[in-house]
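Q: Contents are compact mmCIF, N, CA and C atoms; file name upload_35.txt:
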```
# COMPACT_ATOMS: atom_id res chain seq x y z
N MET A 1 0.85 -1.19 0.00
CA MET A 1 0.00 0.00 0.00
C MET A 1 0.89 1.24 0.00
N PHE A 2 0.41 2.29 -0.63
CA PHE A 2 1.12 3.56 -0.64
C PHE A 2 0.12 4.66 -0.30
N ASP A 3 0.62 5.86 -0.15
CA ASP A 3 -0.25 6.96 0.23
C ASP A 3 -0.45 7.88 -0.97
N VAL A 4 -1.63 8.40 -1.11
CA VAL A 4 -1.94 9.36 -2.16
C VAL A 4 -2.85 10.43 -1.55
N SER A 5 -2.59 11.66 -1.89
CA SER A 5 -3.40 12.76 -1.33
C SER A 5 -4.82 12.71 -1.89
N GLU A 6 -5.73 13.35 -1.17
CA GLU A 6 -7.10 13.43 -1.64
C GLU A 6 -7.16 14.16 -2.99
N ASP A 7 -6.35 15.22 -3.13
CA ASP A 7 -6.35 15.97 -4.39
C ASP A 7 -5.86 15.11 -5.55
N ARG A 8 -4.79 14.34 -5.32
CA ARG A 8 -4.27 13.48 -6.39
C ARG A 8 -5.27 12.39 -6.74
N PHE A 9 -5.92 11.84 -5.73
CA PHE A 9 -6.94 10.82 -5.99
C PHE A 9 -8.05 11.41 -6.85
N GLU A 10 -8.48 12.61 -6.53
CA GLU A 10 -9.53 13.26 -7.32
C GLU A 10 -9.06 13.45 -8.76
N GLU A 11 -7.80 13.83 -8.96
CA GLU A 11 -7.26 13.98 -10.31
C GLU A 11 -7.32 12.66 -11.07
N LEU A 12 -7.02 11.54 -10.39
CA LEU A 12 -7.07 10.23 -11.04
C LEU A 12 -8.50 9.87 -11.44
N VAL A 13 -9.47 10.21 -10.59
CA VAL A 13 -10.87 9.94 -10.91
C VAL A 13 -11.30 10.79 -12.11
N VAL A 14 -10.92 12.05 -12.11
CA VAL A 14 -11.25 12.93 -13.24
C VAL A 14 -10.61 12.40 -14.52
N GLU A 15 -9.36 11.96 -14.43
CA GLU A 15 -8.68 11.39 -15.59
C GLU A 15 -9.42 10.17 -16.12
N ALA A 16 -9.87 9.32 -15.21
CA ALA A 16 -10.63 8.13 -15.61
C ALA A 16 -11.94 8.54 -16.28
N LEU A 17 -12.61 9.52 -15.73
CA LEU A 17 -13.88 9.98 -16.30
C LEU A 17 -13.65 10.63 -17.67
N GLU A 18 -12.58 11.37 -17.81
CA GLU A 18 -12.27 11.99 -19.10
C GLU A 18 -11.94 10.95 -20.16
N GLY A 19 -11.51 9.76 -19.74
CA GLY A 19 -11.20 8.69 -20.67
C GLY A 19 -12.41 7.98 -21.24
N ILE A 20 -13.58 8.28 -20.70
CA ILE A 20 -14.82 7.70 -21.22
C ILE A 20 -15.13 8.38 -22.56
N PRO A 21 -15.39 7.61 -23.60
CA PRO A 21 -15.68 8.22 -24.91
C PRO A 21 -16.85 9.21 -24.84
N GLU A 22 -16.71 10.30 -25.59
CA GLU A 22 -17.75 11.33 -25.62
C GLU A 22 -19.11 10.75 -26.03
N ALA A 23 -19.11 9.78 -26.92
CA ALA A 23 -20.37 9.18 -27.38
C ALA A 23 -21.11 8.51 -26.22
N ILE A 24 -20.37 8.00 -25.27
CA ILE A 24 -21.00 7.38 -24.09
C ILE A 24 -21.42 8.47 -23.11
N LYS A 25 -20.52 9.41 -22.83
CA LYS A 25 -20.84 10.49 -21.89
C LYS A 25 -22.07 11.28 -22.33
N ALA A 26 -22.26 11.41 -23.63
CA ALA A 26 -23.40 12.15 -24.14
C ALA A 26 -24.74 11.52 -23.74
N HIS A 27 -24.72 10.23 -23.45
CA HIS A 27 -25.95 9.52 -23.08
C HIS A 27 -26.11 9.35 -21.58
N MET A 28 -25.18 9.87 -20.82
CA MET A 28 -25.32 9.82 -19.36
C MET A 28 -26.28 10.92 -18.95
N ALA A 29 -27.37 10.52 -18.31
CA ALA A 29 -28.41 11.48 -17.96
C ALA A 29 -28.75 11.42 -16.48
N ASN A 30 -28.78 12.58 -15.87
CA ASN A 30 -29.19 12.71 -14.47
C ASN A 30 -28.36 11.81 -13.55
N VAL A 31 -27.04 11.93 -13.67
CA VAL A 31 -26.13 11.14 -12.84
C VAL A 31 -24.97 12.03 -12.40
N ALA A 32 -24.54 11.85 -11.16
CA ALA A 32 -23.43 12.63 -10.61
C ALA A 32 -22.42 11.67 -9.99
N LEU A 33 -21.15 12.01 -10.08
CA LEU A 33 -20.08 11.18 -9.53
C LEU A 33 -19.53 11.85 -8.27
N PHE A 34 -19.36 11.05 -7.22
CA PHE A 34 -18.84 11.53 -5.93
C PHE A 34 -17.69 10.65 -5.48
N ILE A 35 -16.76 11.25 -4.76
CA ILE A 35 -15.67 10.51 -4.12
C ILE A 35 -15.94 10.52 -2.63
N GLU A 36 -15.91 9.35 -2.03
CA GLU A 36 -16.04 9.23 -0.58
C GLU A 36 -14.86 8.42 -0.07
N ASP A 37 -14.50 8.64 1.18
CA ASP A 37 -13.36 7.92 1.74
C ASP A 37 -13.63 6.43 1.86
N ASN A 38 -14.79 6.07 2.40
CA ASN A 38 -15.08 4.67 2.69
C ASN A 38 -16.46 4.25 2.22
N PRO A 39 -16.61 2.97 1.89
CA PRO A 39 -17.94 2.45 1.52
C PRO A 39 -18.81 2.31 2.77
N PRO A 40 -20.08 1.99 2.58
CA PRO A 40 -20.96 1.75 3.74
C PRO A 40 -20.38 0.63 4.61
N THR A 41 -20.55 0.73 5.91
CA THR A 41 -19.97 -0.25 6.83
C THR A 41 -20.48 -1.66 6.56
N GLU A 42 -21.69 -1.80 6.04
CA GLU A 42 -22.23 -3.13 5.76
C GLU A 42 -21.65 -3.75 4.49
N GLU A 43 -20.92 -2.96 3.70
CA GLU A 43 -20.29 -3.46 2.48
C GLU A 43 -18.86 -2.93 2.35
N PRO A 44 -17.98 -3.29 3.29
CA PRO A 44 -16.64 -2.68 3.34
C PRO A 44 -15.74 -3.04 2.17
N HIS A 45 -16.11 -4.04 1.37
CA HIS A 45 -15.28 -4.49 0.25
C HIS A 45 -15.48 -3.66 -1.01
N LEU A 46 -16.50 -2.81 -1.04
CA LEU A 46 -16.83 -2.08 -2.26
C LEU A 46 -15.76 -1.05 -2.63
N LEU A 47 -15.47 -0.97 -3.91
CA LEU A 47 -14.57 0.06 -4.44
C LEU A 47 -15.38 1.20 -5.05
N GLY A 48 -16.59 0.88 -5.48
CA GLY A 48 -17.50 1.86 -6.06
C GLY A 48 -18.92 1.38 -5.93
N LEU A 49 -19.86 2.28 -6.18
CA LEU A 49 -21.27 1.93 -6.05
C LEU A 49 -22.10 2.81 -6.99
N TYR A 50 -23.03 2.18 -7.67
CA TYR A 50 -24.02 2.92 -8.46
C TYR A 50 -25.32 2.90 -7.68
N ASP A 51 -25.88 4.07 -7.43
CA ASP A 51 -27.12 4.20 -6.68
C ASP A 51 -28.10 5.00 -7.53
N GLY A 52 -29.04 4.30 -8.15
CA GLY A 52 -29.99 5.02 -8.99
C GLY A 52 -30.85 4.10 -9.83
N ILE A 53 -31.45 4.69 -10.83
CA ILE A 53 -32.32 3.96 -11.76
C ILE A 53 -31.60 3.90 -13.11
N PRO A 54 -31.18 2.71 -13.53
CA PRO A 54 -30.47 2.60 -14.81
C PRO A 54 -31.31 3.13 -15.97
N LEU A 55 -30.62 3.59 -16.99
CA LEU A 55 -31.32 4.12 -18.17
C LEU A 55 -32.29 3.10 -18.76
N THR A 56 -31.94 1.82 -18.68
CA THR A 56 -32.78 0.77 -19.25
C THR A 56 -34.08 0.57 -18.48
N GLU A 57 -34.17 1.14 -17.28
CA GLU A 57 -35.38 0.97 -16.47
C GLU A 57 -36.19 2.25 -16.36
N ARG A 58 -35.76 3.29 -17.02
CA ARG A 58 -36.48 4.56 -16.96
C ARG A 58 -37.57 4.56 -18.03
N GLY A 59 -38.75 4.89 -17.60
CA GLY A 59 -39.87 4.91 -18.55
C GLY A 59 -40.33 6.32 -18.84
N ASP A 60 -41.49 6.40 -19.44
CA ASP A 60 -42.07 7.69 -19.81
C ASP A 60 -42.39 8.57 -18.60
N THR A 61 -42.57 7.95 -17.45
CA THR A 61 -42.93 8.72 -16.25
C THR A 61 -41.71 9.14 -15.45
N TYR A 62 -40.50 8.84 -15.94
CA TYR A 62 -39.28 9.22 -15.23
C TYR A 62 -39.08 10.72 -15.35
N SER A 63 -39.27 11.42 -14.24
CA SER A 63 -39.01 12.86 -14.21
C SER A 63 -39.03 13.33 -12.77
N GLY A 64 -38.38 14.44 -12.53
CA GLY A 64 -38.41 15.05 -11.20
C GLY A 64 -37.73 14.25 -10.12
N VAL A 65 -36.79 13.39 -10.47
CA VAL A 65 -36.10 12.59 -9.46
C VAL A 65 -34.69 13.14 -9.24
N LEU A 66 -34.17 12.87 -8.06
CA LEU A 66 -32.80 13.27 -7.78
C LEU A 66 -31.84 12.53 -8.70
N PRO A 67 -30.69 13.11 -8.97
CA PRO A 67 -29.72 12.43 -9.84
C PRO A 67 -29.26 11.09 -9.25
N ASP A 68 -29.00 10.15 -10.14
CA ASP A 68 -28.34 8.92 -9.74
C ASP A 68 -26.96 9.30 -9.22
N ARG A 69 -26.39 8.42 -8.41
CA ARG A 69 -25.06 8.70 -7.86
C ARG A 69 -24.11 7.57 -8.20
N ILE A 70 -22.93 7.94 -8.64
CA ILE A 70 -21.82 7.01 -8.74
C ILE A 70 -20.84 7.41 -7.65
N LEU A 71 -20.55 6.46 -6.77
CA LEU A 71 -19.64 6.70 -5.66
C LEU A 71 -18.35 5.92 -5.89
N VAL A 72 -17.23 6.59 -5.70
CA VAL A 72 -15.92 5.96 -5.79
C VAL A 72 -15.30 6.09 -4.41
N PHE A 73 -14.85 4.95 -3.85
CA PHE A 73 -14.36 4.91 -2.47
C PHE A 73 -12.84 4.90 -2.43
N ARG A 74 -12.28 5.99 -1.93
CA ARG A 74 -10.84 6.22 -1.96
C ARG A 74 -10.04 5.22 -1.14
N ASN A 75 -10.37 5.04 0.12
CA ASN A 75 -9.53 4.22 1.00
C ASN A 75 -9.38 2.77 0.54
N PRO A 76 -10.45 2.07 0.17
CA PRO A 76 -10.24 0.69 -0.28
C PRO A 76 -9.49 0.60 -1.61
N LEU A 77 -9.67 1.59 -2.47
CA LEU A 77 -8.93 1.58 -3.73
C LEU A 77 -7.44 1.78 -3.47
N VAL A 78 -7.09 2.74 -2.63
CA VAL A 78 -5.68 2.98 -2.31
C VAL A 78 -5.09 1.75 -1.62
N ALA A 79 -5.84 1.15 -0.71
CA ALA A 79 -5.34 -0.01 0.03
C ALA A 79 -5.08 -1.21 -0.88
N ALA A 80 -5.79 -1.29 -1.98
CA ALA A 80 -5.65 -2.43 -2.89
C ALA A 80 -4.49 -2.27 -3.86
N CYS A 81 -3.83 -1.13 -3.84
CA CYS A 81 -2.81 -0.83 -4.85
C CYS A 81 -1.44 -0.59 -4.22
N GLU A 82 -0.41 -0.88 -5.02
CA GLU A 82 0.96 -0.67 -4.55
C GLU A 82 1.63 0.53 -5.21
N THR A 83 1.13 0.94 -6.37
CA THR A 83 1.72 2.07 -7.08
C THR A 83 0.61 2.97 -7.62
N GLU A 84 1.00 4.16 -8.04
CA GLU A 84 0.01 5.06 -8.62
C GLU A 84 -0.53 4.50 -9.94
N ASP A 85 0.31 3.81 -10.70
CA ASP A 85 -0.17 3.19 -11.94
C ASP A 85 -1.23 2.14 -11.65
N ASP A 86 -1.01 1.33 -10.59
CA ASP A 86 -2.02 0.35 -10.17
C ASP A 86 -3.32 1.06 -9.79
N LEU A 87 -3.17 2.15 -9.04
CA LEU A 87 -4.34 2.89 -8.59
C LEU A 87 -5.11 3.48 -9.77
N LEU A 88 -4.40 4.05 -10.72
CA LEU A 88 -5.07 4.61 -11.90
C LEU A 88 -5.86 3.53 -12.63
N ARG A 89 -5.25 2.35 -12.80
CA ARG A 89 -5.94 1.24 -13.47
C ARG A 89 -7.19 0.84 -12.69
N GLU A 90 -7.09 0.71 -11.38
CA GLU A 90 -8.24 0.29 -10.57
C GLU A 90 -9.33 1.37 -10.54
N VAL A 91 -8.92 2.63 -10.51
CA VAL A 91 -9.91 3.71 -10.55
C VAL A 91 -10.64 3.69 -11.88
N ARG A 92 -9.90 3.49 -12.99
CA ARG A 92 -10.55 3.42 -14.31
C ARG A 92 -11.54 2.27 -14.37
N ILE A 93 -11.14 1.11 -13.89
CA ILE A 93 -12.03 -0.06 -13.88
C ILE A 93 -13.28 0.24 -13.06
N THR A 94 -13.09 0.86 -11.90
CA THR A 94 -14.23 1.16 -11.02
C THR A 94 -15.17 2.16 -11.66
N VAL A 95 -14.64 3.21 -12.24
CA VAL A 95 -15.48 4.23 -12.88
C VAL A 95 -16.24 3.62 -14.05
N VAL A 96 -15.57 2.86 -14.89
CA VAL A 96 -16.26 2.21 -16.02
C VAL A 96 -17.33 1.25 -15.51
N HIS A 97 -17.01 0.47 -14.49
CA HIS A 97 -17.94 -0.49 -13.91
C HIS A 97 -19.23 0.21 -13.46
N GLU A 98 -19.08 1.30 -12.72
CA GLU A 98 -20.26 1.98 -12.19
C GLU A 98 -21.03 2.71 -13.29
N ILE A 99 -20.35 3.28 -14.26
CA ILE A 99 -21.04 3.89 -15.39
C ILE A 99 -21.82 2.82 -16.16
N ALA A 100 -21.25 1.65 -16.29
CA ALA A 100 -21.95 0.55 -16.98
C ALA A 100 -23.25 0.21 -16.27
N HIS A 101 -23.25 0.25 -14.94
CA HIS A 101 -24.51 0.01 -14.21
C HIS A 101 -25.54 1.08 -14.56
N HIS A 102 -25.10 2.32 -14.76
CA HIS A 102 -26.01 3.40 -15.16
C HIS A 102 -26.69 3.06 -16.49
N PHE A 103 -25.96 2.35 -17.35
CA PHE A 103 -26.51 1.94 -18.64
C PHE A 103 -27.24 0.60 -18.57
N GLY A 104 -27.36 0.03 -17.37
CA GLY A 104 -28.12 -1.21 -17.21
C GLY A 104 -27.32 -2.48 -17.40
N ILE A 105 -26.01 -2.38 -17.44
CA ILE A 105 -25.17 -3.58 -17.60
C ILE A 105 -24.92 -4.17 -16.22
N HIS A 106 -25.17 -5.47 -16.09
CA HIS A 106 -25.09 -6.15 -14.79
C HIS A 106 -23.70 -6.74 -14.53
N ASP A 107 -23.47 -7.08 -13.27
CA ASP A 107 -22.15 -7.57 -12.83
C ASP A 107 -21.66 -8.79 -13.60
N ASP A 108 -22.55 -9.73 -13.93
CA ASP A 108 -22.09 -10.92 -14.64
C ASP A 108 -21.50 -10.57 -16.00
N ARG A 109 -22.11 -9.63 -16.70
CA ARG A 109 -21.57 -9.20 -17.99
C ARG A 109 -20.28 -8.40 -17.81
N LEU A 110 -20.22 -7.57 -16.79
CA LEU A 110 -19.00 -6.80 -16.51
C LEU A 110 -17.85 -7.73 -16.17
N ASP A 111 -18.15 -8.80 -15.48
CA ASP A 111 -17.12 -9.80 -15.16
C ASP A 111 -16.59 -10.42 -16.45
N GLU A 112 -17.46 -10.75 -17.38
CA GLU A 112 -17.04 -11.30 -18.65
C GLU A 112 -16.15 -10.33 -19.43
N LEU A 113 -16.41 -9.03 -19.26
CA LEU A 113 -15.66 -8.01 -19.98
C LEU A 113 -14.38 -7.58 -19.26
N GLY A 114 -14.16 -8.11 -18.05
CA GLY A 114 -12.97 -7.76 -17.28
C GLY A 114 -13.11 -6.53 -16.42
N TYR A 115 -14.34 -6.15 -16.13
CA TYR A 115 -14.59 -4.98 -15.28
C TYR A 115 -15.27 -5.36 -13.98
N ALA A 116 -14.89 -6.49 -13.43
CA ALA A 116 -15.52 -6.94 -12.18
C ALA A 116 -14.96 -6.21 -10.99
```
Rewrite the coordinates I just gave you, this time as structure tokens.
A:
Amino acid sequence: MFDVSEDRFEELVVEALEGIPEAIKAHMANVALFIEDNPPTEEPHLLGLYDGIPLTERGDTYSGVLPDRILVFRNPLVAACETEDDLLREVRITVVHEIAHHFGIHDDRLDELGYA
């Protein structure tokens, strides 16, 4: 494990988000990304979390709801990595994984694609 500042971690998350193709970002609707230090105590293993209604489940009556949230958890990600390059790779995987949930892609398919 190594140490990384909160500011540097945020830069890595922004870099990962900027790496998402514009064609995909253009279809992200009513979703916000947040960085938190730790996951919920009942799920301490989580590196990220999607909390919301996937695009595939939104119907004609979807309106007036709070934005979906993508949460990226700093401490478990840093703890899982030995170098900044490792951390950047894991942050990218986590960001892509949670964005995929926003598009309705489930964990079994993400596992097949290498984004588990």
Q: What is the distance, in Å and to one decimal place, between atom C of Glu6 in chain A and atom N of Glu18 in chain A?
A: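 These two atoms are separated by 16.0 Å.
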Q: In terms of the shortest atom-to-atom distance over all atoms listed in the file, which of A:Leu71, A:His102, A:Arg92, A:Ala79 is closest to Ile35 in chain A?
A: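 Among the listed residues, A:Leu71 lies closest to Ile35 in chain A.
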Q: Would you mind reading off the distance between atom N of Gly104 in chain A and CA of Tyr50 in chain A, one decimal, in Å?
A: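 Going from atom N of Gly104 in chain A over to CA of Tyr50 in chain A, I get 9.9 Å.
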Q: Would you mind telling me which residue in A:Val72, A:Leu66, A:Ala29, A:Leu46 lies nearest to Val95 in chain A when using all atoms listed in the file?
A: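 Among the listed residues, the smallest separation from Val95 in chain A belongs to A:Val72.
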Q: Taking the DSSP secondary structure from the backbone, can you list the residues of chain A that are strand (DSSP E or B), as a ChimeraX atom specification?
A: /A:31-36,48-51,68-73
Q: What does the distance from CA of Asp108 in chain A to CA of Leu49 in chain A come to in Å, to one decimal?
A: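 Pair CA of Asp108 in chain A / CA of Leu49 in chain A returns 15.5 Å.
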Q: With distances taken over all atoms listed in the file, which residue among A:Pro21, A:Asn30, A:Gly48, A:Glu42 lies nearest Phe73 in chain A?
A: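 Checking each of A:Pro21, A:Asn30, A:Gly48, A:Glu42 against Phe73 in chain A, counting all atoms listed in the file, the winner is A:Gly48.
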Q: Hey, which of A:Glu57, A:Val65, A:His97, A:Pro76 ends up closest to Pro39 in chain A? Count all atoms listed in the file.
A: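 Closest residue, counting all atoms listed in the file: A:Pro76.
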Q: Could you check the closest approach to Val4 in chain A for each of A:Lys25, A:Asp51, A:Val78, A:Asp107 and tell me which residue wins, using all atoms listed in the file?
A: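 Counting all atoms listed in the file, the residue closest to Val4 in chain A is A:Val78.
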Q: With 12 Å as the threshold, what does the neighbourhood of (-9.9, 3.3, -16.5) contain in terms of residues, counting only C-alpha atoms? Coordinates are those of the file; answer as a list in words.
A: Leu12, Val13, Val14, Glu15, Ala16, Leu17, Glu18, Gly19, Ile20, Pro21, Asp85, Asp86, Leu87, Leu88, Arg89, Glu90, Val91, Arg92, Ile93, Thr94, Val95, Val96, His97, Glu98, Ile99, Gly114 and Tyr115 of chain A
Q: Can you check which residues of chain A DSSP gives as helix (DSSP H, G or I) on the backbone and send them as a PyMOL selection string?
A: chain A and resi 6-18+22-25+55-57+74-79+84-102+107-113
Q: For His27 in chain A, which of A:Pro54, A:Glu112, A:His106, A:Asn75 is the closest residue, counting only C-alpha atoms?
A: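 For His27 in chain A, the nearest of the given residues is A:Pro54.
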